[in-house]
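Beneath this line is the structure, given in structure tokens, with notes to follow.
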Amino acid sequence: MEFNNFLVASKWEILRFLAEKPASPLEISEKLGTTVSYVSQQLKILDAAGLISKKKTGFIEKGKPRNLFTIKKEVAHLAILTKGFGKQGQINLTPEKECILKTWMVGNLSIHTPSLNFFMGLDPFWNSLEGIFVENEKFSKIFVICIKKEIRPKIENALKKFLPKTNLFFGNFEEFNKVSLEKELIPLYVSPEFSNNLKGGLEKNE
């Protein structure tokens, strides 16, 4: 089945919700304002297509395990329509491509090109980076999560060269999780290991 068949409203809303966090059919139905049976039907289709995965965790009622669904594949589906060229398809995501595409989706137009140069310049360091978050669409502040302190000067130099108006937070997971935030952060890249351990640090403090 073509991937664009999953971009219809019902399936896309479920996929988008699961991209934010793992959820049960009940949580999804409450989010979308529909029935659990309808959500379960859609989940079976998405599961058969290999787009989501299911795991049992804990017990919410006696004898009834809770099923949590989450995104299985991280993909970018692009559609390009210009004079003389029209095509759509999927591309495999590398960390820098993920950051660049997300920036183009949510970032201010003025930082598209400089942020592209910045992320491409991080190529030697991706194996050491655990996460990259930005404060808003203008990149007023960028949060780089990394345990290797010796990389910091190189990140600072790249930021100064391409995004000189952007402030930098550089630290490990524990330091990041203690940061007091005024705004919700936009995740541009999150390593699998960091994603499994992340319990806070992204939500705005009230």
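Naming works like this for the structure tokens: A, B, ... for the chains as they're shown, residue 1 at the start of each chain, ligands 1 onward in shown order.
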
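By chain and then residue number, the residues within 9 Å of A:Phe69 are Leu18, Lys21, Pro22, Ala23, Ser24, Pro25, Leu43, Ile52, Ser53, Lys54, Lys55 and Lys56 of chain A, counting only C-alpha atoms and disregarding those fewer than 4 positions away in sequence.
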
As number ranges by chain, please: the residues near stretch 36-38 of chain A (cut-off 8 Å, only C-alpha atoms, same-chain neighbours under 5 positions excluded).
A: 25-26, 28-29

Can you list, as a short mmCIF file (atom, residue, chain, number, x, y, z; two decimals) with N, CA and C atoms, in the first residue's frame, every protein, DNA or RNA residue that comes within 7 Å of stretch 171-176 of chain A when you count only C-alpha atoms, leaving out same-chain residues fewer than 6 positions away?
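Generated output (result16.cif):
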data_model
loop_
_atom_site.label_atom_id
_atom_site.label_comp_id
_atom_site.auth_asym_id
_atom_site.auth_seq_id
_atom_site.Cartn_x
_atom_site.Cartn_y
_atom_site.Cartn_z
N VAL A 144 21.97 21.60 22.92
CA VAL A 144 22.71 20.45 22.40
C VAL A 144 23.06 19.54 23.57
N ILE A 145 22.54 18.31 23.54
CA ILE A 145 22.74 17.36 24.63
C ILE A 145 23.87 16.42 24.24
N CYS A 146 24.94 16.44 25.04
CA CYS A 146 26.12 15.65 24.70
C CYS A 146 26.94 15.42 25.97
N ILE A 147 27.52 14.23 26.10
CA ILE A 147 28.33 13.93 27.28
C ILE A 147 29.81 14.24 27.07
N GLY A 201 12.09 18.12 30.99
CA GLY A 201 12.98 19.03 30.32
C GLY A 201 12.44 19.65 29.07
#

Suppose you want the space between atom CA of A:Lys72 and atom CA of A:Leu51; what is it in Å?
5.2 Å

All residues 6 Å or closer to stretch 96-106 of chain A, only C-alpha atoms, same chain fewer than 6 positions away omitted, as a PyMOL selection string:
chain A and resi 116+119+137+188

So that I have them on file, write out the residues from the current selection with C-alpha atoms, as a short mmCIF file (atom, residue, chain, number, x, y, z; two decimals), in the first residue's frame.
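Listing of selection_0.cif after writing:
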data_model
loop_
_atom_site.label_atom_id
_atom_site.label_comp_id
_atom_site.auth_asym_id
_atom_site.auth_seq_id
_atom_site.Cartn_x
_atom_site.Cartn_y
_atom_site.Cartn_z
CA LEU A 116 21.35 23.90 7.01
CA PHE A 119 23.68 20.96 10.82
CA GLU A 137 11.09 29.14 15.22
CA LEU A 188 14.94 18.53 16.05
#

Please give the complete set of residues from chain A that DSSP, run on the backbone, assigns to strand (DSSP E or B), formatted as a PyMOL selection string.
chain A and resi 23+52-61+64-71+75-82+85-92+129-134+141-146+167-171+186-190

To one decimal place, how far is atom CA of A:Asn157 from atom CA of A:Phe194 in Å?
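Separating atom CA of A:Asn157 from atom CA of A:Phe194 is a distance of 24.6 Å.
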
Pick out the closest residue to A:Pro187 from this set: A:Gly121, A:Gly50, A:Gly84, A:Pro95. Count only C-alpha atoms.
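Ranking A:Gly121, A:Gly50, A:Gly84, A:Pro95 by distance to A:Pro187, first place goes to A:Pro95.
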
Do you know which residues are at most 9 Å from A:Lys161 counting only C-alpha atoms, after dropping those on the same chain fewer than 5 positions away, and could you put them as an MDAnalysis selection string?
chainID A and resid 114 118 156

For C-alpha atoms, I'd like the residues from the last selection saved as a PDB file, in the first residue's frame.
ATOM      1  CA  PRO A 114      22.265  29.120   7.940  1.00  0.00           C
ATOM      2  CA  PHE A 118      25.190  24.464  10.788  1.00  0.00           C
ATOM      3  CA  GLU A 156      30.271  26.939  19.588  1.00  0.00           C
TER       4      GLU A 156
END

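As for atom CA of A:Ile14 and atom CA of A:Ala49, they are spaced 13.9 Å apart.
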
Considering only C-alpha atoms, return as a ChimeraX atom specification whatever protein or nucleic-acid residues lie within 8 Å of A:Thr166, sequence-local ones (same chain, fewer than 4 positions apart) excluded.
/A:139-142,159

Grab the residues selected above and save them as a PDB file, in the first residue's frame with N, CA and C atoms.
ATOM      1  N   PHE A 139      15.055  30.231  16.428  1.00  0.00           N
ATOM      2  CA  PHE A 139      16.280  29.655  16.987  1.00  0.00           C
ATOM      3  C   PHE A 139      16.965  30.634  17.948  1.00  0.00           C
ATOM      4  N   SER A 140      16.199  31.251  18.830  1.00  0.00           N
ATOM      5  CA  SER A 140      16.811  32.172  19.787  1.00  0.00           C
ATOM      6  C   SER A 140      17.757  31.432  20.728  1.00  0.00           C
ATOM      7  N   LYS A 141      17.472  30.140  20.956  1.00  0.00           N
ATOM      8  CA  LYS A 141      18.363  29.332  21.785  1.00  0.00           C
ATOM      9  C   LYS A 141      18.322  27.894  21.301  1.00  0.00           C
ATOM     10  N   ILE A 142      19.494  27.269  21.266  1.00  0.00           N
ATOM     11  CA  ILE A 142      19.582  25.863  20.860  1.00  0.00           C
ATOM     12  C   ILE A 142      20.169  25.055  22.010  1.00  0.00           C
ATOM     13  N   LEU A 159      28.262  27.361  15.555  1.00  0.00           N
ATOM     14  CA  LEU A 159      27.104  28.213  15.832  1.00  0.00           C
ATOM     15  C   LEU A 159      27.441  29.680  15.593  1.00  0.00           C
TER      16      LEU A 159
END

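Neighbouring residues of A:His77 at 8 Å or closer, counting only C-alpha atoms and skipping chain neighbours under 2 positions away, are Phe3, Val75, Ala79, Gln88, Gly89, Gln90 and Ile91 of chain A.
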
Please, could you write that set of residues out with C-alpha atoms as a PDB file, in the first residue's frame?
ATOM      1  CA  PHE A   3       2.440   5.555   2.004  1.00  0.00           C
ATOM      2  CA  VAL A  75      10.485   8.377   7.652  1.00  0.00           C
ATOM      3  CA  ALA A  79       6.022  15.720  -2.361  1.00  0.00           C
ATOM      4  CA  GLN A  88       6.641  12.156  -4.165  1.00  0.00           C
ATOM      5  CA  GLY A  89       8.450   9.510  -2.181  1.00  0.00           C
ATOM      6  CA  GLN A  90      10.201   8.544   1.024  1.00  0.00           C
ATOM      7  CA  ILE A  91      13.760   9.286   2.014  1.00  0.00           C
TER       8      ILE A  91
END

Any chance you could list, as a ChimeraX atom specification, the residues in stretch 38-154 of chain A that come up alpha helix (DSSP H) when DSSP is run on the backbone?
/A:38-48,95-106,112-120,152-154

Kindly export the residues of the current selection with N, CA and C atoms, as a short mmCIF file (atom, residue, chain, number, x, y, z; two decimals), in the first residue's frame.
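File written: out-v8.cif
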data_model
loop_
_atom_site.label_atom_id
_atom_site.label_comp_id
_atom_site.auth_asym_id
_atom_site.auth_seq_id
_atom_site.Cartn_x
_atom_site.Cartn_y
_atom_site.Cartn_z
N TYR A 38 -13.07 1.82 16.70
CA TYR A 38 -12.61 2.43 15.44
C TYR A 38 -11.10 2.60 15.45
N VAL A 39 -10.56 3.09 16.58
CA VAL A 39 -9.12 3.27 16.70
C VAL A 39 -8.40 1.94 16.57
N SER A 40 -8.92 0.91 17.21
CA SER A 40 -8.30 -0.42 17.14
C SER A 40 -8.25 -0.93 15.70
N GLN A 41 -9.30 -0.66 14.95
CA GLN A 41 -9.33 -1.06 13.54
C GLN A 41 -8.24 -0.36 12.75
N GLN A 42 -8.08 0.94 12.99
CA GLN A 42 -7.06 1.71 12.28
C GLN A 42 -5.65 1.26 12.70
N LEU A 43 -5.49 0.94 13.98
CA LEU A 43 -4.19 0.49 14.47
C LEU A 43 -3.78 -0.83 13.83
N LYS A 44 -4.74 -1.71 13.60
CA LYS A 44 -4.44 -2.98 12.93
C LYS A 44 -3.90 -2.74 11.52
N ILE A 45 -4.48 -1.77 10.83
CA ILE A 45 -4.03 -1.46 9.46
C ILE A 45 -2.62 -0.88 9.49
N LEU A 46 -2.38 0.03 10.42
CA LEU A 46 -1.06 0.65 10.54
C LEU A 46 -0.01 -0.35 10.99
N ASP A 47 -0.40 -1.27 11.84
CA ASP A 47 0.51 -2.31 12.31
C ASP A 47 0.87 -3.26 11.17
N ALA A 48 -0.12 -3.63 10.38
CA ALA A 48 0.12 -4.53 9.24
C ALA A 48 1.04 -3.89 8.21
N PRO A 95 20.58 11.96 10.95
CA PRO A 95 20.34 13.03 11.93
C PRO A 95 20.33 14.42 11.32
N GLU A 96 21.29 14.71 10.41
CA GLU A 96 21.33 16.05 9.84
C GLU A 96 20.13 16.32 8.94
N LYS A 97 19.69 15.30 8.17
CA LYS A 97 18.50 15.47 7.33
C LYS A 97 17.26 15.70 8.19
N GLU A 98 17.18 14.98 9.29
CA GLU A 98 16.04 15.14 10.19
C GLU A 98 15.98 16.56 10.73
N CYS A 99 17.12 17.10 11.18
CA CYS A 99 17.17 18.46 11.70
C CYS A 99 16.82 19.48 10.62
N ILE A 100 17.37 19.28 9.43
CA ILE A 100 17.14 20.23 8.34
C ILE A 100 15.67 20.25 7.94
N LEU A 101 15.07 19.08 7.76
CA LEU A 101 13.67 19.02 7.33
C LEU A 101 12.74 19.59 8.40
N LYS A 102 13.01 19.29 9.66
CA LYS A 102 12.16 19.84 10.72
C LYS A 102 12.29 21.35 10.80
N THR A 103 13.51 21.85 10.57
CA THR A 103 13.71 23.30 10.56
C THR A 103 12.92 23.95 9.43
N TRP A 104 12.94 23.33 8.27
CA TRP A 104 12.17 23.86 7.15
C TRP A 104 10.67 23.83 7.42
N MET A 105 10.23 22.89 8.24
CA MET A 105 8.80 22.78 8.55
C MET A 105 8.37 23.80 9.61
N VAL A 106 9.21 24.05 10.60
CA VAL A 106 8.80 24.88 11.73
C VAL A 106 9.63 26.15 11.89
N HIS A 112 16.67 29.24 7.56
CA HIS A 112 16.71 28.00 6.79
C HIS A 112 18.11 27.69 6.27
N THR A 113 18.69 28.61 5.53
CA THR A 113 20.01 28.36 4.95
C THR A 113 21.12 28.29 6.00
N PRO A 114 21.20 29.23 6.94
CA PRO A 114 22.27 29.12 7.94
C PRO A 114 22.14 27.88 8.82
N SER A 115 20.91 27.47 9.13
CA SER A 115 20.76 26.27 9.95
C SER A 115 21.17 25.03 9.17
N LEU A 116 20.90 25.01 7.86
CA LEU A 116 21.35 23.90 7.01
C LEU A 116 22.86 23.77 7.08
N ASN A 117 23.56 24.88 6.94
CA ASN A 117 25.02 24.86 7.01
C ASN A 117 25.50 24.41 8.39
N PHE A 118 24.81 24.85 9.43
CA PHE A 118 25.19 24.46 10.79
C PHE A 118 25.05 22.96 10.99
N PHE A 119 23.91 22.39 10.60
CA PHE A 119 23.68 20.96 10.82
C PHE A 119 24.60 20.10 9.95
N MET A 120 24.87 20.54 8.72
CA MET A 120 25.79 19.79 7.88
C MET A 120 27.20 19.82 8.47
N ARG A 152 32.26 20.74 22.79
CA ARG A 152 31.60 22.04 22.95
C ARG A 152 32.25 23.16 22.15
N PRO A 153 33.57 23.34 22.19
CA PRO A 153 34.17 24.45 21.41
C PRO A 153 33.87 24.35 19.92
N LYS A 154 33.79 23.13 19.40
CA LYS A 154 33.52 22.96 17.97
C LYS A 154 32.07 23.33 17.65
#

Which of A:Leu93, A:Val190, A:Gly86, A:Asn67 sits closest to A:Ser128 [using only C-alpha atoms]
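Of all the options, A:Val190 lies closest to A:Ser128.
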